[in-house]
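Trainee: This is my_file_35.txt, which holds compact mmCIF, C-alpha atoms and all ligand atoms:
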```txt
# COMPACT_ATOMS: atom_id res chain seq x y z
CA MET A 1 10.20 3.67 -68.82
CA ASN A 2 10.67 4.98 -65.28
CA ALA A 3 10.41 1.47 -63.88
CA TRP A 4 13.20 0.29 -66.17
CA VAL A 5 15.49 3.07 -64.97
CA ALA A 6 14.68 2.22 -61.36
CA ALA A 7 15.33 -1.47 -61.98
CA LEU A 8 18.65 -0.79 -63.65
CA GLY A 9 19.56 1.71 -60.95
CA PHE A 10 18.90 -0.87 -58.27
CA LEU A 11 20.84 -3.59 -60.08
CA VAL A 12 23.92 -1.40 -60.49
CA PHE A 13 23.83 1.03 -57.58
CA GLY A 14 22.05 -1.20 -55.07
CA PRO A 15 25.12 -3.24 -54.22
CA LEU A 16 27.32 -0.14 -54.32
CA LEU A 17 25.07 1.58 -51.82
CA GLY A 18 24.93 -1.58 -49.72
CA ALA A 19 28.72 -1.94 -49.76
CA LEU A 20 29.17 1.69 -48.82
CA LEU A 21 26.72 1.30 -45.94
CA ALA A 22 28.64 -1.78 -44.78
CA GLY A 23 31.92 0.15 -45.08
CA ILE A 24 30.62 3.11 -43.09
CA ASP A 25 29.26 0.66 -40.55
CA ARG A 26 32.68 -0.94 -40.05
CA ARG A 27 34.39 2.40 -39.84
CA LEU A 28 31.85 3.77 -37.39
CA THR A 29 32.25 0.66 -35.25
CA ALA A 30 36.03 1.11 -35.26
CA ARG A 31 35.67 4.76 -34.26
CA LEU A 32 33.36 3.81 -31.42
CA GLN A 33 36.15 1.54 -30.20
CA ALA A 34 38.78 4.29 -30.57
CA ARG A 35 40.33 2.59 -33.60
CA GLN A 36 40.95 4.04 -37.03
CA GLY A 37 39.13 1.33 -38.91
CA PRO A 38 39.39 0.00 -42.47
CA PRO A 39 38.99 2.05 -45.66
CA LEU A 40 35.42 2.86 -46.68
CA LEU A 41 35.51 0.48 -49.63
CA GLN A 42 36.82 -2.41 -47.53
CA PRO A 43 33.71 -4.59 -48.16
CA VAL A 44 34.35 -4.26 -51.90
CA TYR A 45 38.00 -5.26 -51.48
CA ASP A 46 36.87 -8.23 -49.41
CA VAL A 47 34.56 -9.49 -52.12
CA LEU A 48 37.11 -8.91 -54.89
CA LYS A 49 39.58 -10.88 -52.83
CA LEU A 50 37.12 -13.70 -52.29
CA LEU A 51 36.72 -13.92 -56.05
CA GLU A 52 40.48 -14.52 -56.31
CA LYS A 53 40.39 -17.40 -53.87
CA ASP A 54 39.61 -21.03 -54.48
CA THR A 55 36.09 -22.17 -53.74
CA LEU A 56 35.91 -25.27 -51.61
CA VAL A 57 32.76 -27.11 -52.53
CA VAL A 58 31.38 -29.28 -49.77
CA THR A 59 28.26 -30.18 -51.72
CA PRO A 60 27.26 -29.06 -55.23
CA LEU A 61 23.89 -28.03 -53.83
CA GLN A 62 25.35 -25.16 -51.85
CA GLY A 63 26.20 -23.22 -55.01
CA LEU A 64 22.67 -23.65 -56.38
CA TYR A 65 21.08 -22.52 -53.13
CA LEU A 66 23.37 -19.52 -52.85
CA TRP A 67 22.62 -18.40 -56.40
CA LEU A 68 18.90 -18.74 -55.66
CA PHE A 69 19.44 -16.70 -52.46
CA LEU A 70 20.95 -13.91 -54.55
CA PHE A 71 18.31 -14.29 -57.28
CA PHE A 72 15.37 -13.86 -54.92
CA MET A 73 17.14 -11.07 -53.06
CA ILE A 74 17.55 -9.15 -56.31
CA GLY A 75 13.97 -10.04 -57.23
CA ALA A 76 12.70 -8.59 -53.96
CA GLY A 77 14.69 -5.41 -54.62
CA LEU A 78 13.48 -5.11 -58.21
CA ILE A 79 9.83 -5.40 -57.16
CA LEU A 80 10.37 -2.80 -54.44
CA PHE A 81 12.33 -0.29 -56.50
CA THR A 82 10.09 -0.47 -59.57
CA GLY A 83 7.14 0.51 -57.36
CA GLY A 84 5.62 -2.95 -57.36
CA ASP A 85 3.78 -4.86 -54.70
CA LEU A 86 5.28 -4.47 -51.22
CA LEU A 87 3.89 -7.76 -50.00
CA LEU A 88 5.31 -9.67 -52.95
CA SER A 89 8.69 -8.07 -52.36
CA LEU A 90 8.54 -9.13 -48.73
CA PHE A 91 7.77 -12.72 -49.70
CA ALA A 92 10.66 -12.78 -52.17
CA LEU A 93 12.91 -11.51 -49.37
CA THR A 94 11.71 -14.34 -47.13
CA VAL A 95 12.26 -16.97 -49.81
CA SER A 96 15.77 -15.65 -50.31
CA GLY A 97 16.42 -16.00 -46.57
CA ILE A 98 15.16 -19.57 -46.66
CA PHE A 99 17.59 -20.41 -49.45
CA LEU A 100 20.48 -19.10 -47.36
CA CYS A 101 19.37 -21.43 -44.57
CA LEU A 102 19.11 -24.32 -47.01
CA ALA A 103 22.61 -23.63 -48.27
CA ALA A 104 23.99 -23.64 -44.74
CA GLU A 105 22.01 -26.75 -43.88
CA SER A 106 23.32 -28.60 -46.92
CA THR A 107 26.94 -28.41 -45.75
CA ASN A 108 28.66 -30.57 -43.16
CA SER A 109 29.77 -28.13 -40.53
CA PRO A 110 27.89 -28.29 -37.23
CA TYR A 111 28.42 -24.54 -36.93
CA SER A 112 26.51 -23.86 -40.15
CA HIS A 113 23.75 -26.18 -39.01
CA LEU A 114 23.53 -24.29 -35.75
CA GLY A 115 23.55 -21.01 -37.67
CA ALA A 116 20.80 -22.23 -40.01
CA SER A 117 18.49 -23.35 -37.23
CA ARG A 118 19.06 -20.10 -35.37
CA GLU A 119 18.37 -18.15 -38.56
CA LEU A 120 15.04 -19.95 -38.90
CA MET A 121 14.25 -18.93 -35.31
CA LEU A 122 15.16 -15.35 -36.15
CA MET A 123 12.91 -15.45 -39.20
CA MET A 124 10.07 -16.46 -36.92
CA ALA A 125 10.99 -13.50 -34.75
CA TYR A 126 11.07 -10.78 -37.41
CA GLU A 127 8.63 -12.01 -40.05
CA PRO A 128 5.41 -11.09 -38.15
CA MET A 129 6.62 -7.52 -37.64
CA LEU A 130 7.51 -7.12 -41.31
CA LEU A 131 4.05 -8.36 -42.26
CA VAL A 132 2.45 -5.95 -39.81
CA ALA A 133 4.49 -3.13 -41.36
CA ALA A 134 3.26 -4.08 -44.85
CA LEU A 135 -0.33 -4.21 -43.56
CA GLY A 136 0.15 -0.81 -41.95
CA PHE A 137 1.18 0.65 -45.28
CA TYR A 138 -1.89 -0.95 -46.80
CA LEU A 139 -4.24 0.58 -44.26
CA THR A 140 -2.87 4.09 -44.72
CA ASN A 141 -2.80 3.93 -48.51
CA ASP A 142 -5.40 1.33 -49.47
CA SER A 143 -2.75 -0.30 -51.61
CA PHE A 144 0.32 -2.50 -51.33
CA ARG A 145 1.90 -0.80 -54.32
CA VAL A 146 5.11 1.00 -53.47
CA SER A 147 4.41 3.65 -56.11
CA VAL A 148 1.21 4.56 -54.24
CA ILE A 149 2.83 4.41 -50.81
CA THR A 150 5.49 6.94 -51.77
CA GLU A 151 2.69 9.43 -52.47
CA ALA A 152 0.99 8.96 -49.14
CA ALA A 153 -0.36 11.73 -46.93
CA PRO A 154 2.33 13.63 -44.99
CA TRP A 155 1.11 12.34 -41.64
CA GLN A 156 1.88 8.75 -42.60
CA PRO A 157 5.00 8.59 -40.37
CA LEU A 158 2.85 9.62 -37.39
CA GLN A 159 0.12 7.15 -38.26
CA LEU A 160 2.70 4.38 -38.41
CA LEU A 161 4.80 5.49 -35.43
CA GLY A 162 4.35 2.30 -33.41
CA ILE A 163 5.00 0.18 -36.47
CA LEU A 164 8.10 2.23 -37.24
CA VAL A 165 9.56 1.60 -33.78
CA GLY A 166 8.72 -2.09 -34.06
CA PHE A 167 10.26 -2.19 -37.52
CA LEU A 168 13.45 -0.61 -36.20
CA PHE A 169 13.55 -3.33 -33.57
CA VAL A 170 13.36 -6.17 -36.07
CA LEU A 171 15.72 -4.33 -38.41
CA THR A 172 18.43 -5.09 -35.85
CA ILE A 173 17.69 -8.78 -36.33
CA LYS A 174 17.52 -8.49 -40.10
CA LEU A 175 20.85 -6.68 -40.26
CA ARG A 176 22.36 -9.34 -37.99
CA LYS A 177 23.46 -6.87 -35.38
CA SER A 178 24.01 -7.36 -31.69
CA PRO A 179 22.05 -8.18 -29.57
CA PHE A 180 20.53 -10.39 -32.25
CA ASP A 181 23.55 -11.62 -34.23
CA LEU A 182 22.77 -15.19 -33.33
CA SER A 183 22.94 -16.89 -36.69
CA THR A 184 26.16 -15.46 -38.02
CA SER A 185 28.35 -12.86 -36.48
CA HIS A 186 30.39 -10.11 -38.05
CA HIS A 187 33.14 -10.88 -35.62
CA GLY A 188 34.50 -14.37 -36.03
CA HIS A 189 35.95 -16.66 -33.36
CA GLN A 190 32.89 -16.44 -31.18
CA GLU A 191 31.11 -19.58 -30.04
CA LEU A 192 29.52 -19.88 -33.45
CA VAL A 193 32.66 -19.40 -35.60
CA LYS A 194 30.88 -17.83 -38.58
CA GLY A 195 27.51 -19.50 -38.20
CA LEU A 196 25.61 -19.68 -41.47
CA THR A 197 28.62 -18.95 -43.65
CA THR A 198 31.14 -21.21 -41.91
CA ASP A 199 31.39 -23.69 -44.76
CA PHE A 200 31.36 -21.23 -47.68
CA SER A 201 34.56 -19.97 -49.21
CA GLY A 202 35.73 -18.06 -52.27
CA HIS A 203 32.99 -17.34 -54.82
CA HIS A 204 30.27 -18.73 -52.61
CA LEU A 205 31.09 -16.40 -49.73
CA ALA A 206 31.27 -13.53 -52.22
CA LEU A 207 27.70 -14.37 -53.31
CA VAL A 208 26.54 -14.15 -49.71
CA GLU A 209 28.27 -10.80 -49.26
CA ILE A 210 26.80 -9.36 -52.45
CA GLY A 211 23.39 -10.62 -51.37
CA HIS A 212 23.83 -8.75 -48.11
CA TRP A 213 24.68 -5.56 -49.97
CA TYR A 214 21.42 -5.82 -51.89
CA GLU A 215 19.67 -6.56 -48.61
CA ASN A 216 21.13 -3.42 -47.04
CA ALA A 217 19.77 -1.36 -49.93
CA ILE A 218 16.34 -3.03 -49.65
CA LEU A 219 16.10 -2.46 -45.90
CA LEU A 220 17.14 1.16 -46.31
CA ALA A 221 14.38 1.50 -48.91
CA TRP A 222 11.86 0.11 -46.40
CA LEU A 223 12.96 2.74 -43.89
CA TYR A 224 12.67 5.36 -46.61
CA LEU A 225 9.09 4.27 -47.34
CA PHE A 226 7.98 5.33 -43.86
CA PHE A 227 9.11 8.91 -44.51
CA ALA A 228 8.60 8.95 -48.29
CA PRO A 229 5.69 11.44 -48.19
CA TRP A 230 8.03 14.07 -46.73
CA GLY A 231 10.06 14.09 -49.92
CA PRO A 232 13.49 12.59 -50.55
CA TRP A 233 15.44 15.51 -49.06
CA LEU A 234 14.03 14.80 -45.65
CA ALA A 235 13.32 11.09 -45.98
CA ILE A 236 16.76 9.93 -47.11
CA PRO A 237 18.73 11.60 -44.28
CA ILE A 238 16.22 10.32 -41.70
CA ALA A 239 16.43 6.78 -43.09
CA LEU A 240 20.24 6.95 -43.04
CA ILE A 241 20.33 8.25 -39.46
CA LEU A 242 18.00 5.48 -38.31
CA PHE A 243 20.10 2.95 -40.21
CA PHE A 244 23.27 4.03 -38.44
CA LEU A 245 21.50 4.09 -35.11
CA GLU A 246 21.52 0.32 -35.53
CA VAL A 247 25.32 0.45 -35.55
CA LEU A 248 25.24 2.22 -32.20
CA VAL A 249 22.92 -0.44 -30.81
CA ASP A 250 25.23 -3.10 -32.23
CA ASN A 251 28.18 -1.70 -30.35
CA THR A 252 26.47 -1.20 -27.04
CA HIS A 253 24.73 -4.52 -26.59
CA ALA A 254 25.75 -8.07 -25.84
CA ARG A 255 24.20 -11.00 -27.62
CA LEU A 256 20.86 -12.41 -26.44
CA THR A 257 19.79 -16.03 -26.57
CA TRP A 258 17.35 -17.08 -29.26
CA SER A 259 14.51 -17.62 -26.81
CA HIS A 260 14.89 -14.08 -25.46
CA THR A 261 15.05 -12.74 -28.99
CA LEU A 262 11.89 -14.55 -29.99
CA LYS A 263 10.03 -13.42 -26.90
CA ALA A 264 11.20 -9.82 -27.11
CA SER A 265 10.41 -9.42 -30.78
CA TRP A 266 6.97 -10.97 -30.49
CA TRP A 267 6.12 -8.71 -27.56
CA VAL A 268 7.28 -5.71 -29.56
CA THR A 269 5.24 -6.87 -32.54
CA LEU A 270 2.19 -7.32 -30.36
CA LEU A 271 2.48 -4.15 -28.28
CA LEU A 272 3.69 -1.72 -30.92
CA GLY A 273 2.85 -3.28 -34.26
CA THR A 274 -0.54 -4.85 -33.73
CA THR A 275 -1.80 -2.06 -31.46
CA ASN A 276 -0.81 0.49 -34.05
CA LEU A 277 -2.54 -1.58 -36.70
CA LEU A 278 -5.79 -1.83 -34.72
CA LEU A 279 -5.83 1.88 -33.96
CA LEU A 280 -5.18 2.58 -37.61
CA ALA A 281 -7.99 0.30 -38.75
CA TRP A 282 -10.33 2.04 -36.33
CA TRP A 283 -9.19 5.48 -37.44
CA VAL A 284 -9.35 4.78 -41.15
CA ARG A 285 -12.84 3.39 -40.77
CA MET B 286 47.80 -5.96 -57.81
CA SER B 287 45.98 -8.73 -56.08
CA PHE B 288 43.20 -7.81 -53.69
CA LEU B 289 44.55 -10.35 -51.23
CA LYS B 290 46.88 -7.61 -50.10
CA ARG B 291 43.98 -5.37 -49.24
CA SER B 292 41.90 -7.80 -47.28
CA PRO B 293 43.93 -10.58 -45.71
CA TRP B 294 41.86 -12.53 -43.24
CA ILE B 295 43.83 -14.35 -40.59
CA LEU B 296 43.30 -17.53 -38.66
CA HIS B 297 45.09 -17.90 -35.37
CA TYR B 298 45.90 -21.28 -33.95
CA ALA B 299 47.69 -21.79 -30.64
CA ALA B 300 49.49 -25.09 -31.01
CA THR B 301 50.02 -25.40 -27.24
CA SER B 302 51.76 -22.15 -26.60
CA CYS B 303 52.19 -20.64 -23.14
CA ASN B 304 49.67 -17.96 -24.26
CA GLY B 305 52.32 -15.24 -24.19
CA CYS B 306 52.45 -14.97 -27.97
CA ASP B 307 48.68 -15.28 -28.25
CA ILE B 308 48.17 -12.27 -26.04
CA GLU B 309 50.65 -10.28 -28.11
CA LEU B 310 48.86 -11.36 -31.26
CA LEU B 311 45.48 -10.26 -29.92
CA ALA B 312 47.09 -6.99 -28.86
CA CYS B 313 47.56 -6.30 -32.58
CA LEU B 314 43.78 -6.00 -32.90
CA THR B 315 43.45 -3.46 -30.09
CA PRO B 316 43.15 0.30 -30.69
CA ILE B 317 46.90 0.89 -30.35
CA TYR B 318 47.91 -1.32 -33.28
CA ASP B 319 44.50 -1.74 -34.99
CA LEU B 320 45.19 -4.32 -37.66
CA GLU B 321 41.77 -3.70 -39.20
CA ARG B 322 43.24 -0.53 -40.72
CA PHE B 323 44.75 -2.82 -43.34
CA GLY B 324 41.54 -4.77 -43.82
CA ILE B 325 42.87 -7.57 -41.66
CA ILE B 326 40.16 -9.52 -39.87
CA ASN B 327 40.67 -12.25 -37.34
CA THR B 328 38.31 -14.94 -38.61
CA GLY B 329 37.99 -18.03 -36.52
CA ASN B 330 37.33 -20.05 -39.62
CA PRO B 331 39.92 -21.78 -41.80
CA LYS B 332 37.67 -21.69 -44.87
CA HIS B 333 37.61 -17.90 -44.78
CA ALA B 334 41.25 -17.40 -43.89
CA ASP B 335 44.18 -16.34 -46.07
CA ILE B 336 46.97 -16.34 -43.51
CA LEU B 337 47.46 -18.93 -40.81
CA LEU B 338 49.22 -17.56 -37.73
CA VAL B 339 50.56 -20.28 -35.49
CA THR B 340 51.97 -19.85 -32.02
CA GLY B 341 53.39 -22.48 -29.73
CA SER B 342 55.43 -25.63 -30.05
CA VAL B 343 53.44 -28.19 -31.94
CA ASN B 344 53.12 -31.53 -30.19
CA GLU B 345 51.48 -34.85 -30.79
CA GLU B 346 48.11 -33.53 -29.61
CA SER B 347 48.01 -30.37 -31.71
CA ARG B 348 49.67 -31.77 -34.85
CA ARG B 349 46.49 -33.24 -36.33
CA VAL B 350 44.49 -30.09 -35.64
CA LEU B 351 47.16 -27.93 -37.23
CA GLU B 352 47.34 -30.10 -40.35
CA ASN B 353 43.58 -30.17 -40.60
CA LEU B 354 43.30 -26.39 -40.34
CA TYR B 355 46.01 -25.91 -42.94
CA HIS B 356 44.33 -28.22 -45.43
CA GLN B 357 40.96 -26.58 -44.92
CA MET B 358 42.25 -23.19 -46.02
CA PRO B 359 41.56 -22.42 -49.68
CA GLU B 360 44.50 -21.47 -51.93
CA PRO B 361 46.27 -19.04 -52.17
CA LYS B 362 47.36 -19.05 -48.52
CA ALA B 363 50.39 -18.35 -46.35
CA VAL B 364 51.62 -19.49 -42.95
CA VAL B 365 53.36 -17.33 -40.34
CA ALA B 366 55.06 -18.92 -37.35
CA ILE B 367 55.10 -16.65 -34.31
CA GLY B 368 57.41 -16.91 -31.33
CA ALA B 369 60.38 -19.03 -30.38
CA CYS B 370 58.14 -22.01 -29.68
CA ALA B 371 56.62 -22.04 -33.16
CA LEU B 372 60.03 -21.54 -34.75
CA SER B 373 61.97 -24.26 -32.98
CA GLY B 374 60.05 -25.56 -30.01
CA GLY B 375 61.50 -22.86 -27.76
CA ILE B 376 61.81 -23.71 -24.12
CA PHE B 377 59.59 -26.74 -24.68
CA ARG B 378 61.92 -28.25 -27.25
CA PRO B 379 63.41 -30.93 -24.93
CA ALA B 380 59.93 -32.23 -24.03
CA TYR B 381 59.42 -35.78 -25.31
CA ASN B 382 56.16 -35.01 -27.17
CA VAL B 383 57.21 -31.76 -28.86
CA TYR B 384 58.01 -31.75 -32.57
CA GLY B 385 60.22 -28.66 -32.37
CA GLY B 386 58.87 -26.00 -34.70
CA ILE B 387 55.71 -26.07 -36.75
CA ASP B 388 57.66 -26.35 -40.00
CA GLN B 389 58.07 -30.01 -39.05
CA VAL B 390 54.34 -30.36 -39.70
CA ILE B 391 53.23 -27.78 -42.29
CA PRO B 392 55.18 -25.51 -44.68
CA VAL B 393 55.99 -22.14 -43.09
CA ASP B 394 56.51 -18.93 -45.07
CA VAL B 395 57.46 -16.33 -42.50
CA TYR B 396 59.21 -16.77 -39.16
CA VAL B 397 58.61 -14.15 -36.47
CA PRO B 398 61.08 -14.63 -33.60
CA GLY B 399 60.75 -13.48 -30.01
CA CYS B 400 59.56 -14.79 -26.67
CA ALA B 401 57.00 -13.38 -26.71
CA ALA B 402 57.05 -11.90 -30.20
CA ARG B 403 56.26 -8.18 -30.06
CA PRO B 404 53.12 -6.90 -31.80
CA GLU B 405 55.27 -4.77 -34.12
CA ALA B 406 57.20 -7.87 -35.17
CA ILE B 407 53.98 -9.80 -35.72
CA ILE B 408 52.55 -7.03 -37.91
CA ASP B 409 55.83 -6.98 -39.83
CA GLY B 410 55.59 -10.72 -40.33
CA VAL B 411 52.04 -10.45 -41.64
CA VAL B 412 53.09 -7.69 -44.04
CA GLN B 413 55.86 -9.92 -45.40
CA ALA B 414 53.34 -12.72 -45.82
CA LEU B 415 51.18 -10.31 -47.82
CA ALA B 416 53.91 -9.86 -50.42
CA LEU B 417 54.18 -13.64 -50.71
CA LEU B 418 50.42 -13.99 -51.02
CA ASP B 419 50.37 -11.41 -53.76
CA ALA B 420 52.91 -13.34 -55.81
CA ARG B 421 51.05 -16.57 -55.12
CA ALA B 422 47.73 -15.12 -56.22
CA LYS B 423 49.27 -14.10 -59.55
CA ALA B 424 50.78 -17.54 -60.11
CA HIS B 425 47.45 -19.05 -59.10
CA LYS B 426 45.58 -16.99 -61.68
CA ARG B 427 47.95 -18.11 -64.43
CA ARG B 428 47.45 -21.75 -63.56
CA GLY B 429 43.69 -21.30 -63.56
CA GLN B 430 41.51 -21.82 -60.56
CA VAL B 431 40.85 -25.35 -59.45
CA SER B 432 38.42 -26.40 -56.82
CA ILE B 433 39.83 -28.99 -54.51
CA GLU B 434 38.09 -30.84 -51.78
CA SER B 435 40.06 -30.77 -48.57
CA PRO B 436 40.99 -34.23 -47.39
S1 LIG A 501 57.61 -18.13 -27.61
FE1 LIG A 501 57.64 -17.65 -25.43
S2 LIG A 501 55.83 -16.40 -25.14
FE2 LIG A 501 55.60 -17.39 -27.10
S3 LIG A 501 54.44 -19.23 -26.68
FE3 LIG A 501 56.60 -19.79 -26.56
S4 LIG A 501 57.18 -19.58 -24.43
FE4 LIG A 501 55.23 -18.49 -24.72
```
How does this structure look as structure tokens?
Ligand code: SF4

Mentor:
Amino acid sequence: MNAWVAALGFLVFGPLLGALLAGIDRRLTARLQARQGPPLLQPVYDVLKLLEKDTLVVTPLQGLYLWLFLFFMIGAGLILFTGGDLLLSLFALTVSGIFLCLAAESTNSPYSHLGASRELMLMMAYEPMLLVAALGFYLTNDSFRVSVITEAAPWQPLQLLGILVGFLFVLTIKLRKSPFDLSTSHHGHQELVKGLTTDFSGHHLALVEIGHWYENAILLAWLYLFFAPWGPWLAIPIALILFFLEVLVDNTHARLTWSHTLKASWWVTLLLGTTNLLLLAWWVR
Amino acid sequence: MSFLKRSPWILHYAATSCNGCDIELLACLTPIYDLERFGIINTGNPKHADILLVTGSVNEESRRVLENLYHQMPEPKAVVAIGACALSGGIFRPAYNVYGGIDQVIPVDVYVPGCAARPEAIIDGVVQALALLDARAKAHKRRGQVSIESP
């Protein structure tokens, strides 16, 4: 029964939460630049507008891939929010990312191709750290099940400190923020135009946006998991603060090249993630 | 009301302008004028854009690019010509390769005069284009949406 409520809650409120986070993000960015910024619900207006526009179809495949991207994204969220297997949720998230790359690769624009290949590079950069994070949760709780992880011992955040810092690092990549917004950028007319999404318009772009809202909610839930044992009243504000710290990083950093990104994130994974994991394994034993 | 009015994304193309109008246009995005207040984003991508802002006198070189960009934009869309050059060719009008106004090449909805056009005038022009877009979106809905492949 509880799982059904959680699933329904995620389906309905997940995108709302994600859109709100995106809206606050844009507003915060504007304030950091001494501008007033758009209304909070601007991401919602954007998507509603996209639904009013024509959809230019470059290849019929792109629609299929984009629907699959959204499908697996929602699947990943459903597994996570119903207290299912963390590892399975992570794999669904990865598959969804791959479908976005496939969609971009199936179109004609050289900019989308560039975006897709860079996105694959970025996946190589952040995927190890996400796996290490999942393994860390396993070591502290002896289970990959989210329902078990949320009832972990209160010192879990301390046990996973290194992994948490590493996770925050790759979260910047996952949220497509500077300095790692290589594959698609929130601000157009850069060297990449719009990267991955260059050739999508109308409904198709709306699908991508909605997928990103779900993704925002999922990533926030991951952050929440680290602090879950402290109870929601402490964990939710901490997760939100850390989430918006990413906005600050976004606004204070210039873009890196993909090779730097790959190197930096693997070093972080090795130094913070794996070390933490080894210490944890030794401690738990 | 159509949501186009709440989130118009613009595409800026400089069809060989002197850059005066371009700088004024970019000034609209700075903290003083802050176009993003109205949900306006400067996308560099015709497939995401709703309003095409053109500066400069179109000539033989830029004509094909301009036409291409216009055709790549999904309906409903609007075009705003900015500056004397885009309106009539401006001081470049007598040049042998200049067409004299971008309405010789693509249909224009709003004309924003000035050399260079002031940011206030540009914002006013965009707002007028929004009203047009709104009407167009409604007509578009009645006709039913059709997907067309750009040539
Ligand atoms: S109208 Fe004046 S400022 Fe604008 S592009 Fe032409 S010459 Fe330059």

Trainee: What are the residues of chain B that have an atom within 8 Å of an atom of chain A, counting only C-alpha atoms, as an MDAnalysis selection string?

Mentor: chainID B and resid 287:289 291:292 315:317 319 321:324 327:330 332:333 359:361 422 426 430:435

Trainee: Could you list the protein, DNA and RNA residues that have any atom within 7 Å of ligand LIG 501 (chain A), counting only C-alpha atoms and all ligand atoms, and write them as JSON, numbers by chain?

Mentor: {"B": [302, 303, 304, 305, 306, 340, 341, 342, 368, 369, 370, 371, 375, 376, 399, 400, 401, 402]}

Trainee: Would you compute the distance between atom CA of A:Ser96 and atom CA of A:Phe71? Give it in Å to one decimal.

Mentor: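 Atom-to-atom, atom CA of A:Ser96 to atom CA of A:Phe71, that is 7.5 Å.
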
Trainee: Can you tell me which residues surround stretch 344-354 of chain B at a distance of at most 8 Å, considering only C-alpha atoms, apart from same-chain residues fewer than 3 positions away, and format the answer as a list in words?

Mentor: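 The residues that qualify are Tyr298, Ala300, Thr301, Pro331, Gln357, Met358, Asn382, Val383, Tyr384, Gly385, Val390 and Ile391 of chain B.
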
Trainee: How many Å lie between atom CA of B:Val343 and atom CA of B:His297, rounded to one decimal?

Mentor: 13.7 Å

Trainee: Env of A:Val12: 12 Å cut, atoms = only C-alpha atoms, seq-sep filter 6 positions within chain, self excluded. Answer as a list in words.

Mentor: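 What passes the distance filter is Val5, Ala6, Gly18, Ala19, Ile74, Gly77, Leu78, Ile210, Trp213, Tyr214 and Ala217 of chain A.
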
Trainee: For the atom pair atom CA of B:Leu417 and atom CA of B:Ser373, what is the interatomic distance in Å to one decimal place?

Mentor: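 Atom-to-atom, atom CA of B:Leu417 to atom CA of B:Ser373, that is 22.1 Å.
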
Trainee: Excluding A:Val165 and residues on its chain fewer than 5 positions from it, collect all residues at most 10 Å away from it, counting only C-alpha atoms, and give them as a compact mmCIF listing (two decimals) with C-alpha atoms, in the coordinates of the input.

Mentor:
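What follows is the written file part_34.txt:
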```txt
# COMPACT_ATOMS: atom_id res chain seq x y z
CA LEU A 160 2.70 4.38 -38.41
CA VAL A 170 13.36 -6.17 -36.07
CA LEU A 171 15.72 -4.33 -38.41
CA VAL A 268 7.28 -5.71 -29.56
CA THR A 269 5.24 -6.87 -32.54
CA LEU A 272 3.69 -1.72 -30.92
CA GLY A 273 2.85 -3.28 -34.26
```

Trainee: Using only C-alpha atoms, which of A:Lys174, A:Arg255, A:His113, A:His203 sits nearest A:Phe243?

Mentor: A:Lys174

Trainee: Nearest to A:Leu100 among A:Leu11, A:Val208, A:Ser183, A:Met123, with distances taken over all atoms listed in the file: which residue is it?

Mentor: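 The closest residue to A:Leu100 is A:Val208.
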
Trainee: Extending 6 Å beyond the listed atoms of stretch 306-325 of chain B on each side, what axis-aligned box results? I want centre and edge lengths in Å to one decimal, as AutoDock Vina command-line options.

Mentor:
```
--center_x 47.0 --center_y -7.2 --center_z -34.9 --size_x 22.9 --size_y 28.2 --size_z 29.8
```

Trainee: Here is a test: counting only C-alpha atoms, which residue of B:Val365, B:Ala380, B:Ile308, B:Ala424 is nearest to B:Asp335?

Mentor: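 Checking each of B:Val365, B:Ala380, B:Ile308, B:Ala424 against B:Asp335, counting only C-alpha atoms, the winner is B:Val365.
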
Trainee: Just want the 8 Å neighbourhood of stretch 260-265 of chain A, counted on only C-alpha atoms, with same-chain residues fewer than 4 positions away dropped. Output as a list of chain:residue names.

Mentor: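 So, after excluding close chain neighbours, the residues are A:Met121, A:Leu122, A:Met124, A:Ala125, A:Tyr126, A:Phe169, A:Val170, A:Phe180, A:Leu256, A:Thr269.
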